[in-house]
Protein chains: 2
Amino acid sequence: MNTPVTRTRALNSDSVRPKDEQLDHQRAAITVLGDELRALVDATVRTAASVETLERVADGVRGLTRQLTGRRRGPADIPAVDEFPGGVRMYSPVTGTGSPLAPPMRVATNGDGVVGHCTLGIAHEGPPGYGHGGMSAKLLDELMGWACAAAGTPGMTIALRLRYHRPVPLETPLRVVAHVTGTENRKILVAGSISTERAPSTALVTAAGTFVAPDPDRTRALFPNMSP
Amino acid sequence: MNTPVTRTRALNSDSVRPKDEQLDHQRAAITVLGDELRALVDATVRTAASVETLERVADGVRGLTRQLTGRRRGPADIPAVDEFPGGVRMYSPVTGTGSPLAPPMRVATNGDGVVGHCTLGIAHEGPPGYGHGGMSAKLLDELMGWACAAAGTPGMTIALRLRYHRPVPLETPLRVVAHVTGTENRKILVAGSISTERAPSTALVTAAGTFVAPDPDRTRALFPNMSP
């Protein structure tokens, strides 16, 4: 499921969109915190620290959470720092530089499709030494949604078929590609794959997806914070 | 891709397995840190805090990472607190109570299959208000691997087909189920679905997976830290 088709109506009703320079400054600070949290997550899943150290760090984390006071957005609220739809989603669990869950994957256009670059850390481990199969699905679902948008036909995932040919190595630069292969009425057909940057022609995981542009009534029902 | 089929040879060669009571104590501390980090991740992706606050929190996070000193495991090293294979993976990005990336999903047997329980937070958001489609894939891939193991035929994912019928709501208790539907030589066929706990008979996402028990030579090549 990915980028829906309508435009943002308003940011949170009580938020004011920052001016460009302020916006850049805010996004940079969000990214720095994202980077530091990714480093802490990596250290956490790799450490063999004592119970005492873990407890001390947990206390420290609790203290930091308390510093993030003030209003917190709810589900479906669109952050003032985002452009949605439009590509900037600071907290996306796949591409968001502000998300501790995201590798994050960087996306660019690539001929008639899109290409994503990222490296999976040990936090994304499935079988020892390799990425979780669901993480590969997440990278592909996300990028295939970008491929739909890049082709001018944004849609939501309705079907995804994945084939796992070889395990995806951790701590290895990855290349993810996706492009639209056709349309059938409101359905958009998309192909994608993951390889390493070093061996881009050896597919580790391949995917075929079917996306659909939801009709306006359904879009309004699903996304009340967005305009028609 | 999921639980491979062989048994653990040794924990990290220079690690000593803690005794049961110590092990429980260590796992409890790992879980507390996981809980606190999940709360910090949630606060981070929801906050509208100022640049100054974000910078101060980032400094604090950096300081905590520095406290996790000492040897850190590499990819494929199996943590001393895990039982792998066997079900306990403290840092699994899906089920690990020590992973800030995991919801975490709790898994239990369910008739001839398995059931998983979890709630997705805003950190797992795809379209505004709903879970990322790739996160649904991750929950299903993981649980279908558990279904293979529960049936006595553990395997790795080679194909996964997902159908997204309805969006998966955030902050709503979810029920994920999976069971083995058949075998074909070394292939294991598995079905799974996600619903809410409140409406368990309304499938939001359904999946069909093909898993395979890798042959011993391939297993040894893929997982050098495990015994035959």
# chains A, B, ... in the order shown; residues from 1 in each chain; ligands from 1
>>> residues_around(residues="A:Arg166", least_positions_apart="2", cutoff="7 Å", atoms="only C-alpha atoms", output="PyMOL selection string")
chain A and resi 164+168+204-205
>>> write_last_selection(atoms="N, CA and C atoms", output="tab-separated table (two decimals), in the first residue's frame")
chain	number	residue	atom	x	y	z
A	164	TYR	N	12.09	-15.08	-3.79
A	164	TYR	CA	13.36	-14.94	-3.08
A	164	TYR	C	14.36	-15.90	-3.72
A	168	VAL	N	19.55	-11.82	1.02
A	168	VAL	CA	20.02	-10.42	0.89
A	168	VAL	C	21.03	-10.16	2.00
A	204	LEU	N	18.47	-10.71	-6.34
A	204	LEU	CA	18.34	-11.49	-5.11
A	204	LEU	C	16.86	-11.77	-4.84
A	205	VAL	N	16.04	-10.75	-5.06
A	205	VAL	CA	14.59	-10.85	-4.86
A	205	VAL	C	13.92	-10.14	-6.03
>>> residues_around(residues="A:Leu68", least_positions_apart="4", cutoff="12 Å", atoms="only C-alpha atoms", output="list in words")
Leu33, Val61, Arg62, Gly63, Leu64 and Arg72 of chain A; Ala39, Leu40, Val41, Asp42, Ala43, Thr44, Val45, Arg46, Thr47, Ala48, Ala49, Ser50, Val51, Glu52, Thr53, Leu54, Glu55, Arg56, Val57 and Ala58 of chain B
>>> select_by_dssp(residues="chain B", states="strand (DSSP E or B)", output="ChimeraX atom specification")
/B:8,47,72,83,88,106-110,113-118,125,130-131,156-164,169,174-184,187-196,205-212,226
>>> closest_residue(among="A:Val88, A:Arg106, A:Glu83, A:Pro75", to="B:Thr172", atoms="only C-alpha atoms")
A:Pro75
>>> residues_around(residues="A:Gly126", least_positions_apart="5", cutoff="10 Å", atoms="only C-alpha atoms", output="PDB file with N, CA and C atoms, in the first residue's frame")
ATOM      1  N   GLY A 131      19.176 -10.181   5.500  1.00  0.00           N
ATOM      2  CA  GLY A 131      18.010  -9.351   5.755  1.00  0.00           C
ATOM      3  C   GLY A 131      16.749 -10.184   5.924  1.00  0.00           C
ATOM      4  N   HIS A 132      15.818  -9.682   6.716  1.00  0.00           N
ATOM      5  CA  HIS A 132      14.524 -10.342   6.885  1.00  0.00           C
ATOM      6  C   HIS A 132      13.780 -10.298   5.552  1.00  0.00           C
ATOM      7  N   GLY A 133      13.158 -11.421   5.178  1.00  0.00           N
ATOM      8  CA  GLY A 133      12.420 -11.472   3.917  1.00  0.00           C
ATOM      9  C   GLY A 133      11.327 -10.413   3.847  1.00  0.00           C
ATOM     10  N   GLY A 134      10.736 -10.110   4.994  1.00  0.00           N
ATOM     11  CA  GLY A 134       9.709  -9.075   5.036  1.00  0.00           C
ATOM     12  C   GLY A 134      10.276  -7.690   4.793  1.00  0.00           C
ATOM     13  N   MET A 135      11.548  -7.505   5.138  1.00  0.00           N
ATOM     14  CA  MET A 135      12.179  -6.210   4.877  1.00  0.00           C
ATOM     15  C   MET A 135      12.378  -6.028   3.373  1.00  0.00           C
ATOM     16  N   PRO A 167      19.645 -15.064  -0.594  1.00  0.00           N
ATOM     17  CA  PRO A 167      19.484 -14.205   0.587  1.00  0.00           C
ATOM     18  C   PRO A 167      20.112 -12.822   0.363  1.00  0.00           C
ATOM     19  N   VAL A 168      19.550 -11.819   1.017  1.00  0.00           N
ATOM     20  CA  VAL A 168      20.016 -10.425   0.893  1.00  0.00           C
ATOM     21  C   VAL A 168      21.029 -10.159   2.002  1.00  0.00           C
ATOM     22  N   LEU A 170      23.506  -8.433   4.752  1.00  0.00           N
ATOM     23  CA  LEU A 170      23.502  -7.238   5.598  1.00  0.00           C
ATOM     24  C   LEU A 170      24.785  -6.442   5.362  1.00  0.00           C
TER      25      LEU A 170
ATOM     26  N   MET B   1      11.975 -15.088   4.106  1.00  0.00           N
ATOM     27  CA  MET B   1      13.061 -15.973   4.544  1.00  0.00           C
ATOM     28  C   MET B   1      12.992 -16.129   6.061  1.00  0.00           C
ATOM     29  N   ASN B   2      13.124 -17.332   6.528  1.00  0.00           N
ATOM     30  CA  ASN B   2      12.858 -17.553   7.936  1.00  0.00           C
ATOM     31  C   ASN B   2      13.727 -18.640   8.540  1.00  0.00           C
ATOM     32  N   THR B   3      13.295 -19.108   9.699  1.00  0.00           N
ATOM     33  CA  THR B   3      14.053 -20.080  10.475  1.00  0.00           C
ATOM     34  C   THR B   3      14.679 -21.189   9.637  1.00  0.00           C
ATOM     35  N   ALA B  76      25.466 -12.353  11.453  1.00  0.00           N
ATOM     36  CA  ALA B  76      25.508 -13.818  11.528  1.00  0.00           C
ATOM     37  C   ALA B  76      25.956 -14.342  12.890  1.00  0.00           C
ATOM     38  N   ARG B  89      14.443 -15.164  19.802  1.00  0.00           N
ATOM     39  CA  ARG B  89      15.362 -14.268  19.092  1.00  0.00           C
ATOM     40  C   ARG B  89      15.078 -12.863  19.616  1.00  0.00           C
ATOM     41  N   TYR B  91      16.311 -10.027  19.319  1.00  0.00           N
ATOM     42  CA  TYR B  91      16.434  -8.822  18.491  1.00  0.00           C
ATOM     43  C   TYR B  91      15.766  -8.969  17.125  1.00  0.00           C
ATOM     44  N   SER B  92      14.902  -9.971  16.973  1.00  0.00           N
ATOM     45  CA  SER B  92      14.143 -10.100  15.717  1.00  0.00           C
ATOM     46  C   SER B  92      13.392  -8.805  15.432  1.00  0.00           C
ATOM     47  N   PRO B  93      13.454  -8.306  14.191  1.00  0.00           N
ATOM     48  CA  PRO B  93      12.721  -7.071  13.881  1.00  0.00           C
ATOM     49  C   PRO B  93      11.204  -7.254  13.838  1.00  0.00           C
ATOM     50  N   VAL B  94      10.733  -8.471  14.093  1.00  0.00           N
ATOM     51  CA  VAL B  94       9.276  -8.696  14.117  1.00  0.00           C
ATOM     52  C   VAL B  94       8.812  -9.152  15.508  1.00  0.00           C
ATOM     53  N   GLU B 142       7.131 -13.622   8.571  1.00  0.00           N
ATOM     54  CA  GLU B 142       7.644 -14.135   9.844  1.00  0.00           C
ATOM     55  C   GLU B 142       6.737 -15.243  10.389  1.00  0.00           C
TER      56      GLU B 142
END
>>> residues_around(residues="stretch 181-189 of chain B", least_positions_apart="3", cutoff="8 Å", atoms="only C-alpha atoms", output="list in words")
Cys148, Thr153, Gly155, Ala208, Gly209, Thr210, Phe211, Val212 and Ala213 of chain B
>>> select_by_dssp(residues="stretch 128-171 of chain B", states="helix (DSSP H, G or I)", output="compact mmCIF listing (two decimals) with C-alpha atoms, in the first residue's frame")
# COMPACT_ATOMS: atom_id res chain seq x y z
CA GLY B 133 2.01 -2.65 3.14
CA GLY B 134 5.56 -3.93 3.57
CA MET B 135 5.01 -4.22 7.31
CA SER B 136 2.03 -6.51 6.67
CA ALA B 137 4.34 -8.59 4.47
CA LYS B 138 6.90 -8.70 7.28
CA LEU B 139 4.36 -9.91 9.85
CA LEU B 140 3.08 -12.58 7.47
CA ASP B 141 6.50 -13.76 6.25
CA GLU B 142 7.64 -14.14 9.84
CA LEU B 143 4.54 -15.92 11.08
CA MET B 144 4.40 -18.25 8.07
CA GLY B 145 7.97 -19.28 8.91
CA TRP B 146 6.80 -20.08 12.44
CA ALA B 147 3.94 -22.15 10.96
CA CYS B 148 6.50 -24.24 9.03
CA ALA B 149 8.55 -24.79 12.19
CA ALA B 150 5.43 -25.60 14.24
>>> decode(residues="stretch 125-140 of chain B", atoms="all heavy atoms", output="JSON list (two decimals), in the first residue's frame")
[["chain", "number", "residue", "atom", "x", "y", "z"],
["B", 125, "GLU", "N", 3.74, 3.48, 9.91],
["B", 125, "GLU", "CA", 2.75, 4.05, 9.00],
["B", 125, "GLU", "C", 3.20, 4.02, 7.54],
["B", 125, "GLU", "O", 4.33, 4.34, 7.22],
["B", 125, "GLU", "CB", 2.49, 5.50, 9.41],
["B", 125, "GLU", "CG", 1.34, 6.17, 8.71],
["B", 125, "GLU", "CD", 1.07, 7.56, 9.29],
["B", 125, "GLU", "OE1", 1.98, 8.42, 9.23],
["B", 125, "GLU", "OE2", -0.02, 7.78, 9.82],
["B", 126, "GLY", "N", 2.29, 3.61, 6.67],
["B", 126, "GLY", "CA", 2.48, 3.76, 5.23],
["B", 126, "GLY", "C", 1.59, 4.93, 4.79],
["B", 126, "GLY", "O", 1.93, 6.07, 5.04],
["B", 127, "PRO", "N", 0.41, 4.65, 4.22],
["B", 127, "PRO", "CA", -0.52, 5.75, 3.93],
["B", 127, "PRO", "C", -1.01, 6.33, 5.26],
["B", 127, "PRO", "O", -1.10, 5.60, 6.26],
["B", 127, "PRO", "CB", -1.69, 5.05, 3.21],
["B", 127, "PRO", "CG", -1.26, 3.65, 2.95],
["B", 127, "PRO", "CD", -0.13, 3.33, 3.86],
["B", 128, "PRO", "N", -1.32, 7.64, 5.31],
["B", 128, "PRO", "CA", -1.69, 8.25, 6.59],
["B", 128, "PRO", "C", -2.79, 7.46, 7.33],
["B", 128, "PRO", "O", -3.87, 7.26, 6.80],
["B", 128, "PRO", "CB", -2.19, 9.64, 6.17],
["B", 128, "PRO", "CG", -1.43, 9.94, 4.91],
["B", 128, "PRO", "CD", -1.30, 8.61, 4.21],
["B", 129, "GLY", "N", -2.45, 7.02, 8.54],
["B", 129, "GLY", "CA", -3.43, 6.32, 9.37],
["B", 129, "GLY", "C", -3.39, 4.81, 9.28],
["B", 129, "GLY", "O", -4.05, 4.12, 10.07],
["B", 130, "TYR", "N", -2.61, 4.27, 8.34],
["B", 130, "TYR", "CA", -2.60, 2.82, 8.13],
["B", 130, "TYR", "C", -1.18, 2.26, 8.12],
["B", 130, "TYR", "O", -0.22, 2.97, 7.85],
["B", 130, "TYR", "CB", -3.30, 2.49, 6.80],
["B", 130, "TYR", "CG", -4.71, 3.01, 6.75],
["B", 130, "TYR", "CD1", -5.02, 4.15, 6.02],
["B", 130, "TYR", "CD2", -5.73, 2.39, 7.47],
["B", 130, "TYR", "CE1", -6.31, 4.67, 6.00],
["B", 130, "TYR", "CE2", -7.02, 2.90, 7.45],
["B", 130, "TYR", "CZ", -7.31, 4.03, 6.72],
["B", 130, "TYR", "OH", -8.58, 4.54, 6.71],
["B", 131, "GLY", "N", -1.08, 0.97, 8.37],
["B", 131, "GLY", "CA", 0.22, 0.31, 8.36],
["B", 131, "GLY", "C", 0.81, 0.26, 6.96],
["B", 131, "GLY", "O", 0.08, 0.19, 5.96],
["B", 132, "HIS", "N", 2.13, 0.29, 6.89],
["B", 132, "HIS", "CA", 2.83, 0.15, 5.60],
["B", 132, "HIS", "C", 2.57, -1.26, 5.06],
["B", 132, "HIS", "O", 2.63, -2.24, 5.81],
["B", 132, "HIS", "CB", 4.33, 0.35, 5.82],
["B", 132, "HIS", "CG", 5.09, 0.58, 4.54],
["B", 132, "HIS", "ND1", 5.39, -0.42, 3.66],
["B", 132, "HIS", "CD2", 5.58, 1.72, 4.00],
["B", 132, "HIS", "CE1", 6.05, 0.08, 2.62],
["B", 132, "HIS", "NE2", 6.18, 1.39, 2.81],
["B", 133, "GLY", "N", 2.28, -1.35, 3.75],
["B", 133, "GLY", "CA", 2.01, -2.65, 3.14],
["B", 133, "GLY", "C", 3.17, -3.62, 3.33],
["B", 133, "GLY", "O", 2.97, -4.83, 3.49],
["B", 134, "GLY", "N", 4.39, -3.09, 3.35],
["B", 134, "GLY", "CA", 5.56, -3.93, 3.57],
["B", 134, "GLY", "C", 5.62, -4.47, 4.99],
["B", 134, "GLY", "O", 6.17, -5.54, 5.24],
["B", 135, "MET", "N", 5.03, -3.73, 5.93],
["B", 135, "MET", "CA", 5.01, -4.22, 7.31],
["B", 135, "MET", "C", 4.05, -5.41, 7.41],
["B", 135, "MET", "O", 4.34, -6.38, 8.11],
["B", 135, "MET", "CB", 4.59, -3.08, 8.26],
["B", 135, "MET", "CG", 4.79, -3.44, 9.71],
["B", 135, "MET", "SD", 6.56, -3.73, 10.11],
["B", 135, "MET", "CE", 6.38, -4.68, 11.62],
["B", 136, "SER", "N", 2.94, -5.36, 6.70],
["B", 136, "SER", "CA", 2.03, -6.51, 6.67],
["B", 136, "SER", "C", 2.77, -7.73, 6.11],
["B", 136, "SER", "O", 2.63, -8.85, 6.62],
["B", 136, "SER", "CB", 0.80, -6.21, 5.80],
["B", 136, "SER", "OG", 0.04, -5.16, 6.37],
["B", 137, "ALA", "N", 3.56, -7.50, 5.05],
["B", 137, "ALA", "CA", 4.34, -8.59, 4.47],
["B", 137, "ALA", "C", 5.31, -9.16, 5.48],
["B", 137, "ALA", "O", 5.52, -10.38, 5.57],
["B", 137, "ALA", "CB", 5.08, -8.08, 3.23],
["B", 138, "LYS", "N", 5.90, -8.28, 6.28],
["B", 138, "LYS", "CA", 6.90, -8.70, 7.28],
["B", 138, "LYS", "C", 6.24, -9.56, 8.36],
["B", 138, "LYS", "O", 6.79, -10.60, 8.76],
["B", 138, "LYS", "CB", 7.50, -7.43, 7.88],
["B", 138, "LYS", "CG", 8.92, -7.53, 8.33],
["B", 138, "LYS", "CD", 9.46, -6.12, 8.52],
["B", 138, "LYS", "CE", 10.66, -6.09, 9.40],
["B", 138, "LYS", "NZ", 11.16, -4.71, 9.59],
["B", 139, "LEU", "N", 5.07, -9.13, 8.84],
["B", 139, "LEU", "CA", 4.36, -9.91, 9.85],
["B", 139, "LEU", "C", 4.01, -11.29, 9.29],
["B", 139, "LEU", "O", 4.18, -12.31, 9.97],
["B", 139, "LEU", "CB", 3.07, -9.19, 10.28],
["B", 139, "LEU", "CG", 3.20, -7.81, 10.95],
["B", 139, "LEU", "CD1", 1.82, -7.24, 11.23],
["B", 139, "LEU", "CD2", 4.02, -7.90, 12.23],
["B", 140, "LEU", "N", 3.52, -11.31, 8.05],
["B", 140, "LEU", "CA", 3.08, -12.58, 7.47],
["B", 140, "LEU", "C", 4.26, -13.49, 7.14],
["B", 140, "LEU", "O", 4.22, -14.69, 7.43],
["B", 140, "LEU", "CB", 2.22, -12.31, 6.23],
["B", 140, "LEU", "CG", 0.80, -11.84, 6.58],
["B", 140, "LEU", "CD1", 0.14, -11.14, 5.40],
["B", 140, "LEU", "CD2", -0.06, -13.02, 7.04]]
